[in-house]
file target-v7.txt (compact mmCIF, C-alpha atoms and all ligand atoms)
# COMPACT_ATOMS: atom_id res chain seq x y z
CA MET Q 25 128.16 46.17 166.23
CA GLU Q 26 125.56 46.96 168.85
CA PRO Q 27 125.22 44.24 171.43
CA VAL Q 28 121.82 42.56 171.47
CA ILE Q 29 120.05 42.84 174.80
CA VAL Q 30 117.00 40.62 175.12
CA ALA Q 31 114.33 42.22 177.28
CA ARG Q 32 110.66 41.30 177.37
CA SER Q 33 109.89 42.08 181.02
CA ALA Q 34 108.63 45.54 181.84
CA VAL Q 35 111.41 45.98 184.39
CA MET Q 36 114.18 45.24 181.89
CA ARG Q 37 112.57 47.39 179.22
CA ALA Q 38 112.52 50.26 181.71
CA ARG Q 39 116.21 49.70 182.45
CA LEU Q 40 117.00 49.69 178.73
CA ALA Q 41 115.13 52.95 178.28
CA LEU Q 42 117.21 54.43 181.09
CA ALA Q 43 120.39 53.11 179.49
CA ALA Q 44 119.40 54.69 176.17
CA ARG Q 45 118.99 58.04 177.89
CA ALA Q 46 122.35 57.56 179.62
CA ALA Q 47 123.95 56.78 176.26
CA ALA Q 48 122.70 60.04 174.81
CA SER Q 49 124.40 62.05 177.56
CA ASP Q 50 127.92 61.71 178.89
CA VAL Q 51 127.12 61.21 182.57
CA THR Q 52 128.84 58.64 184.73
CA VAL Q 53 126.73 55.52 185.07
CA LEU Q 54 126.78 52.97 187.89
CA VAL Q 55 125.38 49.59 186.86
CA THR Q 56 124.50 47.34 189.80
CA GLY Q 57 123.23 43.80 189.97
CA GLU Q 58 124.18 40.23 190.72
CA SER Q 59 126.87 38.45 188.76
CA GLY Q 60 125.70 37.32 185.32
CA THR Q 61 122.72 39.67 185.06
CA GLY Q 62 124.17 41.49 182.05
CA LYS Q 63 125.90 44.51 183.61
CA GLU Q 64 128.82 44.42 181.22
CA LEU Q 65 126.50 43.91 178.26
CA LEU Q 66 124.53 46.97 179.34
CA ALA Q 67 127.73 49.00 179.69
CA ARG Q 68 128.72 48.01 176.15
CA ALA Q 69 125.28 48.97 174.90
CA ILE Q 70 125.58 52.38 176.54
CA HIS Q 71 128.91 52.91 174.81
CA ALA Q 72 127.59 51.63 171.47
CA GLY Q 73 124.61 53.98 171.68
CA SER Q 74 126.69 57.01 172.62
CA ALA Q 75 128.30 59.74 170.56
CA ALA Q 76 131.64 58.07 171.44
CA ALA Q 77 130.63 54.76 169.82
CA ALA Q 78 133.36 55.05 167.19
CA ARG Q 79 136.02 55.45 169.91
CA SER Q 80 137.22 52.69 172.20
CA LEU Q 81 135.55 51.13 175.14
CA VAL Q 82 138.28 50.06 177.54
CA ALA Q 83 137.22 47.49 180.13
CA VAL Q 84 139.09 47.12 183.42
CA ASN Q 85 138.23 44.53 186.02
CA CYS Q 86 139.29 46.15 189.29
CA ALA Q 87 139.19 42.81 191.10
CA ALA Q 88 141.37 40.97 188.58
CA ILE Q 89 144.41 43.27 188.55
CA PRO Q 90 146.75 43.06 191.55
CA GLU Q 91 146.49 46.14 193.74
CA ALA Q 92 150.14 47.04 193.21
CA LEU Q 93 149.67 47.17 189.43
CA LEU Q 94 146.25 48.74 189.19
CA GLU Q 95 147.39 52.34 189.52
CA SER Q 96 149.98 52.11 186.76
CA GLU Q 97 147.57 50.11 184.60
CA LEU Q 98 144.92 52.81 184.95
CA PHE Q 99 147.00 55.96 184.89
CA GLY Q 100 150.25 54.83 183.30
CA TYR Q 101 153.73 55.82 184.43
CA ARG Q 102 156.63 58.08 183.55
CA ARG Q 103 160.07 56.82 182.67
CA GLY Q 104 162.03 56.18 185.86
CA ALA Q 105 158.95 56.02 188.08
CA PHE Q 106 160.23 52.70 189.36
CA THR Q 107 162.98 50.20 188.59
CA GLY Q 108 162.29 48.86 185.13
CA ALA Q 109 160.24 51.83 183.95
CA HIS Q 110 162.48 52.48 180.95
CA GLY Q 111 160.04 54.69 179.10
CA ASP Q 112 156.73 56.45 179.51
CA LYS Q 113 153.73 54.17 179.40
CA PRO Q 114 150.21 55.48 178.88
CA GLY Q 115 147.52 53.92 181.05
CA LEU Q 116 144.05 52.63 180.26
CA VAL Q 117 142.58 56.05 180.99
CA ALA Q 118 144.63 57.44 178.12
CA ALA Q 119 143.60 54.51 175.93
CA ALA Q 120 139.95 55.34 176.65
CA ALA Q 121 140.32 59.05 175.86
CA GLY Q 122 137.33 60.28 173.89
CA GLY Q 123 135.57 56.97 174.59
CA THR Q 124 134.34 54.95 177.53
CA LEU Q 125 136.14 53.42 180.49
CA PHE Q 126 134.27 50.44 181.91
CA LEU Q 127 135.31 49.88 185.52
CA ASP Q 128 134.04 46.44 186.43
CA GLU Q 129 133.85 45.36 190.08
CA VAL Q 130 134.51 48.93 191.12
CA ALA Q 131 133.82 48.06 194.79
CA GLU Q 132 137.21 46.32 194.83
CA LEU Q 133 139.10 49.50 193.98
CA PRO Q 134 141.64 50.14 196.78
CA LEU Q 135 141.01 53.26 198.89
CA VAL Q 136 144.06 55.16 197.58
CA LEU Q 137 142.93 54.67 194.02
CA GLN Q 138 139.40 55.68 194.93
CA GLY Q 139 140.76 59.14 195.73
CA LYS Q 140 142.62 59.32 192.42
CA LEU Q 141 139.60 58.15 190.46
CA LEU Q 142 137.45 60.75 192.20
CA ARG Q 143 139.80 63.50 191.15
CA PHE Q 144 139.78 62.22 187.59
CA LEU Q 145 135.97 62.14 187.54
CA GLN Q 146 135.80 65.66 188.92
CA ASP Q 147 138.15 67.47 186.59
CA GLY Q 148 139.42 64.94 184.06
CA SER Q 149 142.99 65.16 185.32
CA TYR Q 150 145.29 62.45 186.61
CA PHE Q 151 148.92 61.81 187.47
CA PRO Q 152 150.74 58.92 185.84
CA LEU Q 153 153.05 57.25 188.39
CA GLY Q 154 156.16 59.37 188.80
CA ALA Q 155 154.69 62.36 186.96
CA VAL Q 156 155.02 65.84 188.44
CA ARG Q 157 152.40 67.40 186.18
CA PRO Q 158 148.91 66.03 185.64
CA LEU Q 159 147.56 64.85 182.30
CA ALA Q 160 144.01 65.34 181.13
CA ALA Q 161 141.59 63.08 179.27
CA ARG Q 162 137.91 63.22 178.47
CA VAL Q 163 136.49 59.84 179.28
CA ARG Q 164 133.00 58.68 180.09
CA VAL Q 165 133.06 56.22 182.98
CA VAL Q 166 130.61 53.36 183.34
CA ALA Q 167 131.21 51.46 186.57
CA ALA Q 168 129.66 48.16 187.61
CA THR Q 169 129.43 46.25 190.84
CA ASN Q 170 127.63 43.27 192.32
CA ALA Q 171 128.38 44.55 195.81
CA ASP Q 172 126.16 46.79 197.89
CA LEU Q 173 128.27 49.94 197.57
CA ARG Q 174 126.26 51.82 200.18
CA ARG Q 175 127.13 49.10 202.66
CA ARG Q 176 130.78 49.39 201.68
CA VAL Q 177 130.53 53.12 202.32
CA ALA Q 178 128.97 52.53 205.75
CA ALA Q 179 131.77 50.06 206.54
CA GLY Q 180 134.44 52.62 205.61
CA ALA Q 181 135.68 50.55 202.67
CA PHE Q 182 134.39 52.89 199.97
CA ARG Q 183 134.66 56.67 199.84
CA PRO Q 184 131.26 58.30 200.12
CA ASP Q 185 132.27 61.18 197.84
CA LEU Q 186 133.27 58.71 195.13
CA TYR Q 187 130.06 56.78 195.64
CA TYR Q 188 127.95 59.89 195.05
CA ARG Q 189 130.07 60.88 192.06
CA LEU Q 190 129.70 57.43 190.48
CA ALA Q 191 126.03 57.04 191.26
CA VAL Q 192 124.92 60.09 189.25
CA LEU Q 193 122.85 57.67 187.20
CA PRO Q 194 122.42 54.28 188.87
CA ILE Q 195 120.94 51.46 186.79
CA HIS Q 196 120.04 48.30 188.66
CA VAL Q 197 119.77 45.11 186.61
CA PRO Q 198 117.41 42.77 188.45
CA PRO Q 199 118.26 39.10 188.92
CA LEU Q 200 116.81 36.71 186.34
CA ARG Q 201 114.50 35.05 188.90
CA GLU Q 202 112.67 38.38 189.25
CA ARG Q 203 111.92 38.52 185.52
CA PRO Q 204 111.05 35.00 184.35
CA GLU Q 205 109.28 36.46 181.28
CA ASP Q 206 112.75 37.11 179.88
CA ILE Q 207 113.68 33.43 179.93
CA ALA Q 208 111.79 32.33 176.80
CA PRO Q 209 113.20 35.09 174.56
CA LEU Q 210 116.66 34.62 176.09
CA VAL Q 211 116.64 30.90 175.31
CA ARG Q 212 115.42 31.60 171.78
CA HIS Q 213 118.22 34.14 171.36
CA LEU Q 214 120.79 31.64 172.68
CA LEU Q 215 119.53 28.81 170.48
CA ALA Q 216 119.78 31.08 167.44
CA ARG Q 217 123.29 32.08 168.45
CA LEU Q 218 124.43 28.51 169.04
CA HIS Q 219 122.76 27.21 165.90
CA ARG Q 220 125.16 25.85 163.30
CA PRO Q 221 124.34 26.61 159.69
CA GLY Q 222 122.71 23.65 158.02
CA ALA Q 223 121.82 21.92 161.30
CA PRO Q 224 118.13 21.46 162.17
CA ALA Q 225 116.67 24.14 164.41
CA ILE Q 226 116.34 23.11 168.05
CA GLU Q 227 113.29 24.15 170.04
CA LEU Q 228 112.35 24.26 173.69
CA SER Q 229 109.42 22.15 174.92
CA PRO Q 230 106.72 24.02 176.87
CA ALA Q 231 107.47 21.86 179.93
CA ALA Q 232 111.17 22.68 179.68
CA LEU Q 233 110.35 26.38 179.50
CA ALA Q 234 108.18 26.08 182.63
CA TYR Q 235 111.01 24.22 184.32
CA LEU Q 236 113.54 26.91 183.41
CA GLU Q 237 111.18 29.66 184.54
CA ALA Q 238 110.92 28.02 187.96
CA GLN Q 239 114.68 27.79 188.56
CA PRO Q 240 116.35 30.31 190.92
CA TRP Q 241 119.31 31.03 188.58
CA PRO Q 242 121.82 32.28 191.16
CA GLY Q 243 124.26 32.77 188.27
CA ASN Q 244 121.58 34.60 186.26
CA VAL Q 245 121.82 34.86 182.45
CA ARG Q 246 125.36 33.49 182.40
CA GLU Q 247 124.14 30.37 184.18
CA LEU Q 248 121.17 30.09 181.80
CA GLU Q 249 123.60 30.28 178.86
CA ASN Q 250 125.65 27.45 180.32
CA ALA Q 251 122.55 25.39 181.02
CA VAL Q 252 121.31 25.75 177.44
CA ALA Q 253 124.73 24.95 176.00
CA ARG Q 254 124.98 21.80 178.14
CA ALA Q 255 121.40 20.74 177.39
CA LEU Q 256 122.19 20.99 173.68
CA VAL Q 257 125.04 18.54 174.21
CA VAL Q 258 122.86 15.89 175.87
CA CYS Q 259 119.76 16.55 173.74
CA SER Q 260 119.15 13.78 171.22
CA GLY Q 261 116.19 15.17 169.24
CA ARG Q 262 115.11 18.53 167.93
CA VAL Q 263 113.35 19.58 171.10
CA LEU Q 264 115.04 20.40 174.41
CA THR Q 265 113.16 18.62 177.19
CA VAL Q 266 113.16 18.92 180.97
CA ASP Q 267 115.30 15.79 181.12
CA ASP Q 268 117.94 17.38 178.90
CA PHE Q 269 118.32 20.16 181.47
CA ARG Q 270 118.19 17.78 184.44
CA ASP Q 271 120.77 15.43 182.94
CA ALA Q 272 123.02 18.29 181.96
CA ALA Q 273 122.84 19.75 185.47
CA GLY Q 274 124.85 16.77 186.70
CA ALA Q 275 127.88 18.16 184.87
CA PRO Q 276 130.66 19.74 186.94
CA PRO Q 277 130.35 23.42 187.82
CA PRO Q 278 131.60 25.94 185.25
CA ALA Q 279 135.34 26.47 185.23
CA ASP Q 280 135.04 30.14 186.09
CA GLY Q 281 134.76 29.73 189.85
CA ALA Q 282 133.75 33.35 190.26
CA ASP Q 283 130.30 32.54 189.00
CA TRP Q 284 129.85 29.26 190.77
CA THR Q 285 127.67 29.50 193.85
CA LEU Q 286 128.06 27.24 196.86
CA PRO Q 287 124.86 25.17 197.10
CA ALA Q 288 122.83 25.80 200.26
CA GLY Q 289 123.49 22.22 201.37
CA GLY Q 290 127.26 22.64 201.00
CA VAL Q 291 129.59 20.40 199.01
CA ASP Q 292 132.01 17.56 199.65
CA LEU Q 293 135.07 19.44 198.40
CA PRO Q 294 137.53 16.52 198.27
CA ARG Q 295 134.98 14.55 196.28
CA LEU Q 296 134.30 17.46 193.99
CA VAL Q 297 138.03 17.83 193.35
CA ARG Q 298 138.42 14.12 192.68
CA ASP Q 299 135.47 14.13 190.28
CA LEU Q 300 136.79 17.18 188.44
CA VAL Q 301 140.23 15.62 188.08
CA ALA Q 302 138.68 12.36 186.87
CA THR Q 303 136.44 14.21 184.40
CA ALA Q 304 139.37 16.25 183.05
CA LEU Q 305 141.44 13.07 182.56
CA GLU Q 306 138.53 11.35 180.87
CA ARG Q 307 137.90 14.24 178.54
CA THR Q 308 141.57 14.51 177.58
CA HIS Q 309 142.01 10.73 177.31
CA GLY Q 310 144.55 10.80 180.11
CA ASN Q 311 146.70 13.57 178.62
CA LEU Q 312 148.16 15.14 181.79
CA SER Q 313 149.17 18.45 180.22
CA ALA Q 314 145.78 18.98 178.60
CA ALA Q 315 143.95 17.94 181.79
CA ALA Q 316 146.11 20.30 183.87
CA ARG Q 317 145.21 23.14 181.51
CA LEU Q 318 141.51 22.37 181.86
CA LEU Q 319 141.83 22.53 185.63
CA GLY Q 320 144.11 25.54 185.85
CA LEU Q 321 146.74 23.44 187.60
CA SER Q 322 150.43 22.86 186.93
CA ARG Q 323 151.37 19.36 185.78
CA PRO Q 324 153.02 18.49 189.12
CA ALA Q 325 149.97 19.80 191.01
CA LEU Q 326 147.72 17.63 188.87
CA ARG Q 327 150.02 14.60 189.18
CA TYR Q 328 149.91 15.00 192.95
CA ARG Q 329 146.11 14.87 192.91
CA VAL Q 330 146.00 11.99 190.45
CA LYS Q 331 148.14 9.99 192.87
CA LYS Q 332 146.26 11.17 195.93
CA TYR Q 333 142.91 10.14 194.49
CA ARG Q 334 144.34 7.04 192.82
CA LEU Q 335 143.19 8.09 189.39
CA GLU Q 336 146.15 6.70 187.42
CA ARG Q 337 145.13 5.18 184.11
CA GLY Q 338 144.12 1.59 184.49
CA ARG Q 339 143.61 1.93 188.22
CA GLY Q 340 140.68 4.21 188.84
CA PRO Q 341 137.17 2.99 188.20
CA ARG Q 342 136.80 5.69 185.52
CA ALA Q 343 140.07 4.94 183.77
CA ALA Q 344 139.83 4.55 180.04
CA THR Q 345 140.38 1.07 178.72
CA GLY Q 346 143.05 0.19 176.19
N1 LIG R 1 119.45 40.64 178.44
C1 LIG R 1 120.39 39.88 177.86
N2 LIG R 1 120.26 39.53 176.56
C2 LIG R 1 121.21 38.75 175.96
N3 LIG R 1 122.30 38.27 176.59
C3 LIG R 1 122.47 38.58 177.88
C4 LIG R 1 121.54 39.40 178.59
N4 LIG R 1 121.98 39.56 179.85
C5 LIG R 1 123.11 38.88 179.95
N5 LIG R 1 123.43 38.29 178.77
C6 LIG R 1 124.61 37.44 178.51
O1 LIG R 1 124.90 36.78 179.73
C7 LIG R 1 126.31 36.72 179.96
C8 LIG R 1 126.65 37.46 181.24
O2 LIG R 1 126.46 38.86 181.04
P1 LIG R 1 127.47 39.94 181.64
O3 LIG R 1 127.14 41.23 181.01
O4 LIG R 1 128.88 39.46 181.54
O5 LIG R 1 127.01 39.92 183.17
P2 LIG R 1 127.66 40.64 184.43
O6 LIG R 1 128.62 41.67 183.92
O7 LIG R 1 126.50 41.23 185.15
O8 LIG R 1 128.32 39.56 185.24
C9 LIG R 1 126.95 37.33 178.74
O9 LIG R 1 127.28 36.29 177.84
C10 LIG R 1 125.86 38.22 178.18
O10 LIG R 1 126.02 38.40 176.79
MG MG R 2 130.75 40.94 184.73
call {"tool": "encode", "arguments": {"input": "target-v7.txt", "output": "structure tokens"}}
result
Amino acid sequence: MEPVIVARSAVMRARLALAARAAASDVTVLVTGESGTGKELLARAIHAGSAAAARSLVAVNCAAIPEALLESELFGYRRGAFTGAHGDKPGLVAAAAGGTLFLDEVAELPLVLQGKLLRFLQDGSYFPLGAVRPLAARVRVVAATNADLRRRVAAGAFRPDLYYRLAVLPIHVPPLRERPEDIAPLVRHLLARLHRPGAPAIELSPAALAYLEAQPWPGNVRELENAVARALVVCSGRVLTVDDFRDAAGAPPPADGADWTLPAGGVDLPRLVRDLVATALERTHGNLSAAARLLGLSRPALRYRVKKYRLERGRGPRAATG
């Protein structure tokens, strides 16, 4: 299924046209833009619109895989390459053969691997760990980054030859605040997606739309999605109002810290932690295991904080009664 990309602004429509042309060829594409602008969505659309659409798109987040594992994840290994390598294992490059390899956060690729990726981009060959002969695969690469790769090159952290090889066709996705015309259709798209069958349709008041269009959206479309989802929770009628968004904004930051931006005025971290722990306990009715899961903590780590912030049931001001 082709991913739906909402684009009313001229700038986004131009980017989509570029992406459609990229899809029709098999060039390497570099998608740049802030976090949450829709880079991955665009990469998926390029794959879906390409001749390789029936083959796999394999997504790799270069920042999420430990450096020591990334090479074997990407290129695989031969039996005996290291202790525990009991058989050959194909890598993600092999899994993407004939299709698309999406390299997310490509700026985080370690320098050694940058050289190996460059070779692969140049002639389609690569060495699994421990292999003496190279393997070959035809793979279209779409890379994405929210970093300024040229700056990384200037700083010696990114190979210039790889940069030029990746940036054959650069597509920059502008931040949401530079294309406020996209907000109304995006919200409509989100409301339709979140709508439950049988439930009354929810609309956005004109004032709420103006309010949303005036926000800076540092987390871009992802942040807008979260804001709409939260507003739907606090909304009591059939129309989302400015207050619904304001009230919902008091909720804790999204769990995925990668997309949470430090406010210009800073935060009171101990207080934030205490509030998050209290909220998690409240939401799970004091169930420590469930609360620990919500917070990404171990039970002992959570228990330590519960004690430290005096949030034991029946003691804290937020403790549930009964
Ligand atoms: N133009 C768009 N139309 C519809 N949904 C979008 C659009 N741009 C982003 N999104 C949605 O916003 C979220 C973040 O997009 P994503 O592609 O993961 O951003 P990035 O990779 O740049 O961080 C996803 O849920 C995505 O589906
Ligand atoms: Mg992303």
call {"tool": "closest_atom_pairs", "arguments": {"input": "target-v7.txt", "of": "chain Q", "to": "ligand MG 2 (chain R)", "cutoff": "7 Å", "atoms": "only C-alpha atoms and all ligand atoms", "output": "CSV"}}
result
residue,atom,partner,partner_atom,distance
Q:Ser59,CA,R:MG2,MG,6.1
Q:Gly60,CA,R:MG2,MG,6.2
Q:Lys63,CA,R:MG2,MG,6.1
Q:Glu64,CA,R:MG2,MG,5.3
Q:Asp128,CA,R:MG2,MG,6.6
call {"tool": "closest_atom_pairs", "arguments": {"input": "target-v7.txt", "of": "chain Q", "to": "ligand LIG 1 (chain R)", "cutoff": "8 Å", "atoms": "only C-alpha atoms and all ligand atoms", "output": "Markdown table"}}
result
| residue | atom | partner | partner_atom | distance |
| --- | --- | --- | --- | --- |
| Q:Pro27 | CA | R:LIG1 | O10 | 8.0 |
| Q:Val28 | CA | R:LIG1 | C2 | 5.9 |
| Q:Ile29 | CA | R:LIG1 | N2 | 3.8 |
| Q:Val30 | CA | R:LIG1 | N2 | 3.7 |
| Q:Ala31 | CA | R:LIG1 | N1 | 5.5 |
| Q:Met36 | CA | R:LIG1 | N1 | 7.8 |
| Q:Thr56 | CA | R:LIG1 | O7 | 7.9 |
| Q:Gly57 | CA | R:LIG1 | O7 | 6.4 |
| Q:Glu58 | CA | R:LIG1 | O7 | 6.1 |
| Q:Ser59 | CA | R:LIG1 | O8 | 4.0 |
| Q:Gly60 | CA | R:LIG1 | O8 | 3.4 |
| Q:Thr61 | CA | R:LIG1 | O7 | 4.1 |
| Q:Gly62 | CA | R:LIG1 | O3 | 3.2 |
| Q:Lys63 | CA | R:LIG1 | O7 | 3.7 |
| Q:Glu64 | CA | R:LIG1 | O3 | 3.6 |
| Q:Leu65 | CA | R:LIG1 | O3 | 3.9 |
| Q:Leu66 | CA | R:LIG1 | O3 | 6.5 |
| Q:Ala67 | CA | R:LIG1 | O3 | 7.9 |
| Q:Asp128 | CA | R:LIG1 | O6 | 7.6 |
| Q:Ala168 | CA | R:LIG1 | O6 | 7.5 |
| Q:Asn170 | CA | R:LIG1 | O7 | 7.5 |
| Q:Val197 | CA | R:LIG1 | O7 | 7.9 |
| Q:Asp206 | CA | R:LIG1 | N1 | 7.7 |
| Q:Leu210 | CA | R:LIG1 | N2 | 6.1 |
| Q:His213 | CA | R:LIG1 | C2 | 7.2 |
| Q:Leu214 | CA | R:LIG1 | C2 | 7.8 |
| Q:Asn244 | CA | R:LIG1 | O1 | 7.6 |
| Q:Val245 | CA | R:LIG1 | O1 | 4.5 |
| Q:Arg246 | CA | R:LIG1 | C7 | 4.2 |
| Q:Glu247 | CA | R:LIG1 | O1 | 7.8 |
| Q:Leu248 | CA | R:LIG1 | O1 | 7.9 |
| Q:Glu249 | CA | R:LIG1 | O1 | 6.7 |
call {"tool": "closest_residue", "arguments": {"input": "target-v7.txt", "among": "Q:Gly122, Q:Gly154, Q:Gly290, Q:Pro209", "to": "Ala109 in chain Q", "atoms": "all atoms listed in the file"}}
result
Q:Gly154
call {"tool": "residues_around", "arguments": {"input": "target-v7.txt", "residues": "Arg262 in chain Q", "least_positions_apart": "6", "cutoff": "12 Å", "atoms": "only C-alpha atoms", "output": "PyMOL selection string"}}
result
chain Q and resi 215+219+223-229+255-256+268
call {"tool": "write_last_selection", "arguments": {"input": "target-v7.txt", "atoms": "C-alpha atoms", "output": "PDB file, in the frame of the given file"}}
result
ATOM      1  CA  LEU Q 215     119.530  28.810 170.480  1.00  0.00           C
ATOM      2  CA  HIS Q 219     122.760  27.210 165.900  1.00  0.00           C
ATOM      3  CA  ALA Q 223     121.820  21.920 161.300  1.00  0.00           C
ATOM      4  CA  PRO Q 224     118.130  21.460 162.170  1.00  0.00           C
ATOM      5  CA  ALA Q 225     116.670  24.140 164.410  1.00  0.00           C
ATOM      6  CA  ILE Q 226     116.340  23.110 168.050  1.00  0.00           C
ATOM      7  CA  GLU Q 227     113.290  24.150 170.040  1.00  0.00           C
ATOM      8  CA  LEU Q 228     112.350  24.260 173.690  1.00  0.00           C
ATOM      9  CA  SER Q 229     109.420  22.150 174.920  1.00  0.00           C
ATOM     10  CA  ALA Q 255     121.400  20.740 177.390  1.00  0.00           C
ATOM     11  CA  LEU Q 256     122.190  20.990 173.680  1.00  0.00           C
ATOM     12  CA  ASP Q 268     117.940  17.380 178.900  1.00  0.00           C
TER      13      ASP Q 268
END
call {"tool": "closest_residue", "arguments": {"input": "target-v7.txt", "among": "Q:Val55, Q:Leu145, Q:Val257, Q:Ala76", "to": "Leu173 in chain Q", "atoms": "all atoms listed in the file"}}
result
Q:Val55
call {"tool": "closest_residue", "arguments": {"input": "target-v7.txt", "among": "Q:Arg212, Q:Thr169, Q:Ala121, Q:Glu97", "to": "Pro194 in chain Q", "atoms": "all atoms listed in the file"}}
result
Q:Thr169
call {"tool": "closest_residue", "arguments": {"input": "target-v7.txt", "among": "Q:Ile89, Q:Leu98, Q:Leu300, Q:Ala44", "to": "Ala75 in chain Q", "atoms": "only C-alpha atoms"}}
result
Q:Ala44
call {"tool": "closest_residue", "arguments": {"input": "target-v7.txt", "among": "Q:Asp267, Q:Asp112, Q:Asp147, Q:Glu129", "to": "Arg189 in chain Q", "atoms": "all atoms listed in the file"}}
result
Q:Asp147
call {"tool": "closest_residue", "arguments": {"input": "target-v7.txt", "among": "Q:Ala302, Q:Leu159, Q:Leu137, Q:Ile195", "to": "Leu40 in chain Q", "atoms": "all atoms listed in the file"}}
result
Q:Ile195
call {"tool": "atom_distance", "arguments": {"input": "target-v7.txt", "atom1": "CA of Arg45 in chain Q", "atom2": "CA of Ala131 in chain Q"}}
result
24.6 Å
call {"tool": "decode", "arguments": {"input": "target-v7.txt", "residues": "range 79-133 of chain Q", "atoms": "C-alpha atoms", "output": "short mmCIF file (atom, residue, chain, number, x, y, z; two decimals), in the first residue's frame"}}
result
data_model
loop_
_atom_site.label_atom_id
_atom_site.label_comp_id
_atom_site.auth_asym_id
_atom_site.auth_seq_id
_atom_site.Cartn_x
_atom_site.Cartn_y
_atom_site.Cartn_z
CA ARG Q 79 10.53 -6.27 -3.37
CA SER Q 80 11.46 -5.40 0.19
CA LEU Q 81 12.30 -2.10 1.70
CA VAL Q 82 14.75 -2.76 4.52
CA ALA Q 83 15.08 0.06 7.04
CA VAL Q 84 18.21 0.44 9.17
CA ASN Q 85 18.63 3.11 11.80
CA CYS Q 86 22.38 3.72 11.88
CA ALA Q 87 22.12 5.50 15.23
CA ALA Q 88 20.15 2.73 16.95
CA ILE Q 89 22.46 -0.22 16.30
CA PRO Q 90 25.64 -0.42 18.41
CA GLU Q 91 28.73 0.36 16.36
CA ALA Q 92 30.22 -3.07 17.00
CA LEU Q 93 27.17 -4.80 15.52
CA LEU Q 94 26.36 -2.50 12.65
CA GLU Q 95 28.83 -4.00 10.18
CA SER Q 96 27.61 -7.56 10.64
CA GLU Q 97 24.00 -6.39 10.64
CA LEU Q 98 24.51 -4.62 7.32
CA PHE Q 99 26.83 -6.99 5.52
CA GLY Q 100 26.36 -10.26 7.39
CA TYR Q 101 29.12 -12.65 8.39
CA ARG Q 102 30.70 -15.96 7.45
CA ARG Q 103 30.80 -18.95 9.72
CA GLY Q 104 33.75 -18.65 12.09
CA ALA Q 105 34.16 -14.90 11.58
CA PHE Q 106 34.05 -14.53 15.35
CA THR Q 107 33.35 -16.65 18.41
CA GLY Q 108 29.74 -17.72 18.19
CA ALA Q 109 29.44 -17.34 14.42
CA HIS Q 110 28.33 -20.94 13.92
CA GLY Q 111 26.98 -20.44 10.42
CA ASP Q 112 26.82 -17.92 7.63
CA LYS Q 113 24.42 -15.08 8.24
CA PRO Q 114 23.23 -12.79 5.47
CA GLY Q 115 23.07 -9.10 6.29
CA LEU Q 116 20.43 -6.46 5.65
CA VAL Q 117 22.07 -5.59 2.34
CA ALA Q 118 21.34 -9.12 1.16
CA ALA Q 119 17.80 -8.88 2.54
CA ALA Q 120 17.29 -5.70 0.48
CA ALA Q 121 18.62 -7.22 -2.75
CA GLY Q 122 16.49 -6.15 -5.68
CA GLY Q 123 14.72 -3.64 -3.41
CA THR Q 124 15.52 -0.61 -1.33
CA LEU Q 125 17.80 -0.11 1.66
CA PHE Q 126 16.70 2.81 3.81
CA LEU Q 127 19.65 4.08 5.85
CA ASP Q 128 18.17 6.32 8.51
CA GLU Q 129 20.41 8.71 10.46
CA VAL Q 130 23.22 8.01 8.03
CA ALA Q 131 25.36 10.76 9.60
CA GLU Q 132 25.92 8.41 12.55
CA LEU Q 133 27.56 5.75 10.40
#
